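Reproduced below: final32.cif, with mmCIF, C-alpha atoms.
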data_final
#
loop_
_atom_site.label_atom_id
_atom_site.label_comp_id
_atom_site.auth_asym_id
_atom_site.auth_seq_id
_atom_site.Cartn_x
_atom_site.Cartn_y
_atom_site.Cartn_z
CA MET A 1 -71.04 54.13 18.25
CA LYS A 2 -68.99 52.37 15.56
CA THR A 3 -66.82 49.33 16.18
CA VAL A 4 -64.86 46.65 14.34
CA ASP A 5 -66.08 43.07 14.31
CA THR A 6 -62.94 41.04 14.97
CA HIS A 7 -64.42 37.64 14.07
CA THR A 8 -66.22 36.94 10.77
CA HIS A 9 -65.92 34.08 8.29
CA LEU A 10 -65.78 33.78 4.55
CA LEU A 11 -67.37 30.57 3.30
CA SER A 12 -65.67 28.22 0.87
CA ARG A 13 -66.30 28.71 -2.84
CA ASP A 14 -67.40 25.07 -2.80
CA VAL A 15 -70.25 25.69 -0.35
CA ARG A 16 -73.52 24.12 -1.44
CA PHE A 17 -76.95 23.79 0.13
CA ASP A 18 -77.99 20.62 -1.66
CA ARG A 19 -78.22 18.03 1.13
CA LEU A 20 -81.61 17.31 2.67
CA PHE A 21 -80.76 19.11 5.92
CA ASP A 22 -79.32 22.05 3.94
CA LYS A 23 -82.50 22.42 1.91
CA ILE A 24 -84.46 22.70 5.14
CA ALA A 25 -81.99 24.94 6.96
CA VAL A 26 -81.16 27.29 4.09
CA ARG A 27 -84.35 29.31 4.57
CA PHE A 28 -83.57 29.99 8.22
CA PHE A 29 -79.94 30.72 7.32
CA ALA A 30 -80.98 33.10 4.52
CA ARG A 31 -83.48 34.88 6.78
CA ASN A 32 -80.76 35.36 9.41
CA LEU A 33 -78.47 36.90 6.76
CA GLY A 34 -81.25 38.94 5.18
CA VAL A 35 -80.94 37.39 1.71
CA ASP A 36 -83.22 35.61 -0.73
CA PRO A 37 -83.19 31.83 -0.01
CA THR A 38 -83.39 30.96 -3.72
CA ALA A 39 -80.39 33.14 -4.56
CA LEU A 40 -78.42 31.67 -1.65
CA LYS A 41 -79.20 28.16 -2.85
CA ASP A 42 -78.52 28.84 -6.54
CA ARG A 43 -75.47 31.13 -6.20
CA PRO A 44 -74.33 30.50 -2.62
CA TRP A 45 -70.83 31.98 -2.51
CA GLU A 46 -71.40 35.18 -4.44
CA THR A 47 -74.76 35.79 -2.77
CA TYR A 48 -73.10 35.32 0.61
CA VAL A 49 -70.22 37.70 -0.16
CA GLN A 50 -72.46 40.44 -1.51
CA ALA A 51 -74.90 40.13 1.39
CA MET A 52 -72.14 40.32 3.95
CA ALA A 53 -70.51 43.37 2.33
CA GLU A 54 -73.88 45.10 2.06
CA ALA A 55 -74.71 44.36 5.69
CA VAL A 56 -71.43 45.88 6.88
CA ARG A 57 -71.86 48.90 4.60
CA ASN A 58 -75.33 49.58 5.98
CA SER A 59 -74.59 48.75 9.62
CA THR A 60 -75.21 51.37 12.27
CA TYR A 61 -72.68 49.84 14.66
CA VAL A 62 -70.08 47.90 12.66
CA GLU A 63 -67.61 49.84 10.54
CA LYS A 64 -65.47 46.92 9.31
CA THR A 65 -64.93 43.25 10.02
CA CYS A 66 -61.86 41.05 10.29
CA LEU A 67 -62.51 38.43 7.63
CA PHE A 68 -60.91 34.99 7.50
CA GLY A 69 -61.30 31.49 6.18
CA VAL A 70 -60.04 28.23 7.63
CA ASP A 71 -57.10 26.25 6.28
CA SER A 72 -57.52 22.55 5.59
CA ARG A 73 -56.32 19.72 7.80
CA VAL A 74 -52.89 18.39 6.84
CA ASP A 75 -50.69 15.58 8.08
CA ALA A 76 -47.20 15.84 9.56
CA ARG A 77 -45.75 16.09 6.04
CA GLY A 78 -48.07 18.88 5.03
CA ARG A 79 -50.28 16.73 2.82
CA GLU A 80 -53.94 17.76 2.84
CA THR A 81 -56.13 15.15 4.51
CA HIS A 82 -59.45 16.98 4.78
CA ARG A 83 -61.02 20.19 3.51
CA ASP A 84 -64.51 21.09 4.70
CA ARG A 85 -66.47 22.35 1.72
CA THR A 86 -68.37 24.93 3.76
CA VAL A 87 -65.92 26.35 6.30
CA CYS A 88 -62.53 26.02 4.56
CA ALA A 89 -62.33 29.25 2.60
CA GLY A 90 -58.91 29.91 1.08
CA ASN A 91 -56.66 32.83 1.92
CA SER A 92 -56.61 33.95 -1.72
CA ASP A 93 -60.39 34.26 -1.67
CA VAL A 94 -60.29 36.21 1.60
CA ILE A 95 -57.79 38.65 0.11
CA GLU A 96 -59.79 38.93 -3.11
CA VAL A 97 -62.96 39.82 -1.21
CA ALA A 98 -61.12 42.27 1.05
CA HIS A 99 -59.60 44.01 -1.99
CA ARG A 100 -63.02 44.15 -3.65
CA TYR A 101 -64.56 45.68 -0.53
CA PRO A 102 -61.71 47.52 1.22
CA ASP A 103 -64.07 49.70 3.25
CA GLN A 104 -65.79 46.65 4.73
CA PHE A 105 -63.15 43.97 5.35
CA ILE A 106 -59.74 43.53 6.99
CA PRO A 107 -58.18 40.27 5.76
CA PHE A 108 -56.73 37.70 8.18
CA PHE A 109 -54.98 34.54 6.99
CA SER A 110 -55.45 30.99 8.21
CA ILE A 111 -52.32 28.88 7.76
CA ASN A 112 -52.09 25.44 9.30
CA PRO A 113 -48.74 25.47 11.17
CA LEU A 114 -48.05 21.90 10.02
CA ARG A 115 -47.50 23.12 6.47
CA PRO A 116 -43.76 22.92 5.66
CA ASP A 117 -43.89 26.36 4.01
CA ALA A 118 -46.02 27.97 6.72
CA LEU A 119 -43.48 30.68 7.59
CA ASP A 120 -43.05 31.66 3.94
CA LEU A 121 -46.83 31.77 3.51
CA ILE A 122 -47.10 34.17 6.44
CA ASP A 123 -44.74 36.57 4.66
CA GLU A 124 -46.67 36.17 1.40
CA TYR A 125 -50.04 36.98 2.91
CA VAL A 126 -48.73 39.86 5.01
CA GLU A 127 -47.37 41.40 1.81
CA LYS A 128 -50.90 41.06 0.39
CA GLY A 129 -52.41 42.96 3.29
CA CYS A 130 -53.35 40.41 5.95
CA ALA A 131 -53.43 41.91 9.43
CA GLY A 132 -53.79 38.82 11.61
CA ALA A 133 -54.05 35.04 11.84
CA LYS A 134 -56.82 32.58 12.61
CA PHE A 135 -56.37 29.07 14.09
CA LEU A 136 -58.96 26.30 14.19
CA GLN A 137 -56.61 23.82 15.81
CA ASN A 138 -59.44 21.65 17.10
CA TYR A 139 -60.38 20.91 13.48
CA TRP A 140 -56.74 20.58 12.42
CA GLN A 141 -56.03 18.33 15.43
CA VAL A 142 -52.91 20.32 16.27
CA ASP A 143 -51.53 20.69 19.80
CA LEU A 144 -50.69 24.40 20.11
CA ASN A 145 -48.24 23.64 22.92
CA ASP A 146 -45.97 21.68 20.58
CA GLU A 147 -42.52 23.28 20.81
CA ALA A 148 -42.11 22.79 17.05
CA LEU A 149 -44.57 25.68 16.58
CA VAL A 150 -42.38 28.24 18.36
CA PRO A 151 -40.85 29.65 15.11
CA TYR A 152 -44.38 30.24 13.81
CA TYR A 153 -45.34 32.07 17.01
CA ARG A 154 -42.18 34.15 16.96
CA LYS A 155 -42.90 35.27 13.42
CA LEU A 156 -46.41 36.34 14.41
CA ARG A 157 -44.93 38.17 17.41
CA ASP A 158 -42.30 39.94 15.36
CA LEU A 159 -44.80 40.98 12.70
CA ARG A 160 -47.19 42.15 15.46
CA LEU A 161 -49.97 39.98 14.12
CA PRO A 162 -52.80 39.00 16.50
CA LEU A 163 -53.71 35.31 16.57
CA ILE A 164 -57.36 34.30 17.00
CA VAL A 165 -57.60 30.87 18.65
CA HIS A 166 -60.86 28.96 18.98
CA ILE A 167 -61.49 28.11 22.64
CA GLY A 168 -64.75 26.39 23.55
CA SER A 169 -67.30 24.19 21.82
CA GLU A 170 -67.45 23.70 18.07
CA PHE A 171 -70.52 22.41 16.23
CA ALA A 172 -70.07 23.74 12.68
CA ILE A 173 -67.17 21.47 11.75
CA GLU A 174 -65.56 18.23 12.91
CA SER A 175 -63.62 18.94 16.08
CA LYS A 176 -61.42 17.24 18.67
CA LYS A 177 -62.38 18.36 22.17
CA GLN A 178 -58.86 17.82 23.51
CA TYR A 179 -57.68 20.77 21.40
CA GLU A 180 -60.48 23.18 22.39
CA GLY A 181 -59.43 24.03 25.93
CA SER A 182 -57.85 27.14 27.39
CA ASN A 183 -54.65 25.13 27.97
CA MET A 184 -54.00 25.58 24.22
CA LEU A 185 -53.10 29.21 24.91
CA ARG A 186 -50.03 28.52 27.05
CA LEU A 187 -47.23 28.35 24.48
CA PRO A 188 -48.36 31.11 22.07
CA LEU A 189 -48.74 33.46 25.04
CA GLN A 190 -45.35 32.42 26.36
CA ALA A 191 -43.83 33.15 22.94
CA GLY A 192 -45.14 36.70 23.10
CA VAL A 193 -47.96 36.49 20.54
CA THR A 194 -50.98 38.75 20.96
CA VAL A 195 -53.62 36.06 21.37
CA ILE A 196 -57.40 36.40 21.13
CA ALA A 197 -59.33 33.62 22.87
CA ALA A 198 -62.42 33.32 20.74
CA HIS A 199 -65.78 32.57 22.41
CA MET A 200 -64.42 33.01 25.96
CA GLY A 201 -64.08 29.24 26.42
CA LEU A 202 -67.84 28.79 26.62
CA GLY A 203 -70.30 26.39 25.02
CA GLN A 204 -69.28 22.90 26.06
CA ILE A 205 -72.01 20.45 26.98
CA GLY A 206 -70.49 19.44 30.28
CA HIS A 207 -73.47 18.21 32.25
CA TRP A 208 -74.86 15.06 30.70
CA ARG A 209 -76.69 13.69 33.73
CA ALA A 210 -78.37 17.03 34.45
CA PRO A 211 -78.54 18.61 30.96
CA TRP A 212 -80.52 21.66 32.12
CA ARG A 213 -77.38 22.86 33.87
CA ASN A 214 -75.82 23.51 30.45
CA LEU A 215 -78.31 26.37 30.04
CA SER A 216 -78.31 27.62 33.62
CA GLN A 217 -77.36 31.21 34.42
CA ASN A 218 -75.89 30.07 37.72
CA PRO A 219 -72.11 30.55 37.36
CA VAL A 220 -71.58 27.35 39.34
CA TRP A 221 -72.46 25.44 36.16
CA PHE A 222 -70.45 27.54 33.69
CA ASP A 223 -67.53 26.08 31.74
CA ARG A 224 -64.27 25.82 33.68
CA ASP A 225 -62.39 27.28 30.70
CA TYR A 226 -64.47 30.45 30.99
CA PHE A 227 -63.21 31.12 34.51
CA HIS A 228 -59.68 30.15 33.53
CA ILE A 229 -59.74 32.69 30.71
CA LEU A 230 -61.04 35.40 33.06
CA GLU A 231 -58.05 34.72 35.30
CA MET A 232 -55.63 34.64 32.38
CA LEU A 233 -56.91 37.96 31.01
CA GLU A 234 -55.77 39.61 34.24
CA VAL A 235 -52.36 37.92 34.20
CA HIS A 236 -51.31 38.02 30.54
CA GLU A 237 -50.93 41.45 28.97
CA ASN A 238 -50.95 39.87 25.49
CA LEU A 239 -54.24 37.97 25.90
CA TYR A 240 -57.67 39.19 24.80
CA GLY A 241 -61.05 37.50 24.56
CA ASP A 242 -63.71 37.99 21.91
CA LEU A 243 -67.48 37.77 22.30
CA SER A 244 -68.10 36.01 19.00
CA ALA A 245 -71.04 33.56 18.87
CA MET A 246 -71.93 34.62 22.42
CA LEU A 247 -75.61 34.75 21.47
CA LEU A 248 -75.82 30.99 21.18
CA PRO A 249 -77.82 29.64 24.16
CA LEU A 250 -74.88 27.65 25.60
CA ARG A 251 -72.92 30.91 25.82
CA ALA A 252 -75.51 33.68 26.17
CA ARG A 253 -76.26 32.50 29.69
CA ALA A 254 -72.91 33.98 30.79
CA LEU A 255 -73.46 37.49 29.39
CA LYS A 256 -74.84 38.95 32.62
CA HIS A 257 -71.96 37.48 34.62
CA LEU A 258 -69.36 38.71 32.11
CA ALA A 259 -70.90 42.18 32.12
CA GLY A 260 -70.06 42.29 35.83
CA GLN A 261 -66.39 41.37 35.36
CA GLN A 262 -65.28 44.94 34.80
CA GLN A 263 -61.68 44.13 35.67
CA VAL A 264 -61.28 42.46 32.24
CA HIS A 265 -63.48 44.67 30.06
CA HIS A 266 -60.39 46.43 28.71
CA LYS A 267 -59.35 43.04 27.28
CA LEU A 268 -62.62 42.11 25.54
CA LEU A 269 -63.30 42.47 21.81
CA PHE A 270 -66.53 42.78 19.87
CA GLY A 271 -67.08 39.87 17.48
CA THR A 272 -70.07 38.12 15.93
CA ASP A 273 -68.78 34.90 14.31
CA TYR A 274 -70.88 35.82 11.27
CA PRO A 275 -72.54 33.89 9.62
CA VAL A 276 -73.27 31.70 12.67
CA PRO A 277 -77.04 32.11 13.19
CA PHE A 278 -78.45 33.17 16.53
CA THR A 279 -81.85 33.78 18.08
CA ILE A 280 -83.04 36.64 20.25
CA ARG A 281 -86.50 35.54 21.36
CA PHE A 282 -85.61 32.00 22.48
CA ASN A 283 -82.34 32.23 24.33
CA THR A 284 -80.71 32.15 27.76
CA HIS A 285 -79.77 35.84 28.11
CA ARG A 286 -83.12 36.59 29.83
CA LEU A 287 -83.64 40.01 28.31
CA GLU A 288 -87.01 41.61 28.95
CA ARG A 289 -89.79 40.64 26.55
CA GLU A 290 -90.14 44.07 24.95
CA GLU A 291 -86.37 44.36 24.57
CA LYS A 292 -86.21 40.98 22.86
CA LYS A 293 -89.02 41.99 20.53
CA ARG A 294 -87.26 45.24 19.61
CA ILE A 295 -83.91 43.57 18.94
CA ALA A 296 -85.46 40.69 17.00
CA GLY A 297 -87.04 43.24 14.66
CA ILE A 298 -83.66 44.64 13.56
CA GLN A 299 -83.01 43.44 10.02
CA ASN A 300 -79.26 43.98 9.78
CA PRO A 301 -77.57 40.89 11.35
CA PHE A 302 -74.57 42.88 12.62
CA ASP A 303 -76.80 45.50 14.22
CA ARG A 304 -79.05 42.83 15.71
CA TYR A 305 -76.03 41.20 17.36
CA ALA A 306 -74.64 44.55 18.54
CA ALA A 307 -78.01 45.61 19.96
CA ALA A 308 -78.13 42.47 22.10
CA LEU A 309 -74.63 43.07 23.47
CA LEU A 310 -75.44 46.73 24.11
CA SER A 311 -78.05 45.51 26.58
CA PHE A 312 -75.16 44.22 28.70
CA PHE A 313 -72.23 46.43 27.61
CA PRO A 314 -73.33 50.06 27.01
CA GLU A 315 -71.79 52.24 24.31
CA ASP A 316 -69.10 53.69 26.58
CA ASN A 317 -67.76 50.21 27.40
CA PRO A 318 -64.19 49.63 26.12
CA LEU A 319 -65.44 46.47 24.39
CA TYR A 320 -66.19 48.57 21.33
CA THR A 321 -62.83 50.35 21.09
CA ASN A 322 -60.36 47.69 22.26
CA HIS A 323 -59.74 46.62 18.64
CA GLN A 324 -57.58 49.74 18.33
CA ARG A 325 -55.06 48.09 20.67
CA ILE A 326 -54.46 45.05 18.47
CA LEU A 327 -55.19 46.02 14.86
CA THR A 328 -51.91 47.72 14.06
CA PRO A 329 -50.27 47.52 10.62
CA PRO A 330 -47.86 44.56 10.35
CA HIS A 331 -44.13 45.31 10.34
CA PRO A 332 -42.49 42.86 7.90
CA HIS A 333 -38.97 44.21 8.42
CA GLU A 334 -38.83 44.01 12.21
CA GLN A 335 -38.07 40.31 12.55
CA ASP A 336 -35.11 38.96 14.52
#
Using structure tokens, write down the structure from this file.
Amino acid sequence: MKTVDTHTHLLSRDVRFDRLFDKIAVRFFARNLGVDPTALKDRPWETYVQAMAEAVRNSTYVEKTCLFGVDSRVDARGRETHRDRTVCAGNSDVIEVAHRYPDQFIPFFSINPLRPDALDLIDEYVEKGCAGAKFLQNYWQVDLNDEALVPYYRKLRDLRLPLIVHIGSEFAIESKKQYEGSNMLRLPLQAGVTVIAAHMGLGQIGHWRAPWRNLSQNPVWFDRDYFHILEMLEVHENLYGDLSAMLLPLRARALKHLAGQQQVHHKLLFGTDYPVPFTIRFNTHRLEREEKKRIAGIQNPFDRYAAALLSFFPEDNPLYTNHQRILTPPHPHEQD
């Protein structure tokens, strides 16, 4: 079985592991990626790129990945107000890496819709080979239901470009919870965009008085957005959901339930959210001890992630082939 990972990140060229927490965490991060911690600390960006390309090349299950960065936050006039030095990789770097490793990566762009030249930038990056778009509106603090964004959505629709929208919790970067909910999908879906709801709306810490409920496998305590997305997947032909970062404990608890929702399996996409680290042994998926031990021993991070999902979604599940329905070449001359 070979599939396409529809959700992977390039890190910023400015990424550094020089803060106290970074110096402690870098060893765990490097071990998760399968790279030398010293090399990752001394030459972080290039070490990361090479390790990721090598992992895809040697993967048993993943043939290619959709690779993207994250645009910076801008104000209403398009002036940059914040750029995270770890997450905010530029589109030019994404395209450069994808051209360097064409057998491993499919480039997606990330263009903040508040940029005055956003529509022109879409054309520019499509001409350079980008096959989709990525939004992190909760970091940008952008309401995706703002009618001013309709021209942007129509251009994505006309170019047949899928749009990946973060729905659910966010811990890797500053985020506004009001922009993380499934309600953010309304207008882009209405405009006819093929939308991918990343993370299935899971991962919020919603039970503060009884915190153990945040890790419970009882669906009664799951995120409301998760159930809303399940309903929306049945209603909206142009909506998909990806399983990226589903091996984090706040999300892994829902894997068994999601595996039983066969009515939406034709709308689910394989994704990892690489390089987000995950654990196999200490998690909420409740796999059998020997199965956890076997999966934890897999060195390739993509194969380790895929092996865990295969425990819930076997090889013949459409999860692994649904990418063929959305990753079509863009059509720059079919606009209205």
Between atom CA of A:Gly181 and atom CA of A:Tyr305 lies a distance of 25.4 Å
Given the PyMOL selection byres ((chain A and resi 121-134) around 6), the residues it picks as a CSV table (one decimal) with C-alpha atoms, in the frame of the given file:
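out_7.csv written:
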chain,number,residue,atom,x,y,z
A,107,PRO,CA,-58.2,40.3,5.8
A,108,PHE,CA,-56.7,37.7,8.2
A,109,PHE,CA,-55.0,34.5,7.0
A,110,SER,CA,-55.4,31.0,8.2
A,118,ALA,CA,-46.0,28.0,6.7
A,119,LEU,CA,-43.5,30.7,7.6
A,120,ASP,CA,-43.0,31.7,3.9
A,135,PHE,CA,-56.4,29.1,14.1
A,161,LEU,CA,-50.0,40.0,14.1
A,162,PRO,CA,-52.8,39.0,16.5
A,163,LEU,CA,-53.7,35.3,16.6
A,164,ILE,CA,-57.4,34.3,17.0
Using the chain letters and residue numbers of this document, give as a list in words the residues selected by the PyMOL selection byres ((chain A and resi 6) around 8).
Val4, Asp5, His7, Thr8, Thr65, Cys66, Leu67, Asp242, Leu269, Phe270, Gly271, Thr272 and His323 of chain A
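Taken over the whole file, the PyMOL selection byres ((chain A and resi 264) around 9) covers exactly Leu230, Glu231, Leu233, Glu234, Tyr240, Leu258, Gln261, Gln262, Gln263, His265, His266, Lys267 and Leu268 of chain A.
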Can you tell me how far atom CA of A:Asn138 sits from atom CA of A:Glu180, in Å to one decimal?
5.6 Å
Between atom CA of A:Arg43 and atom CA of A:Arg16, what is the distance, to one decimal in Å?
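One can read the atom CA of A:Arg43 to atom CA of A:Arg16 distance as 8.7 Å.
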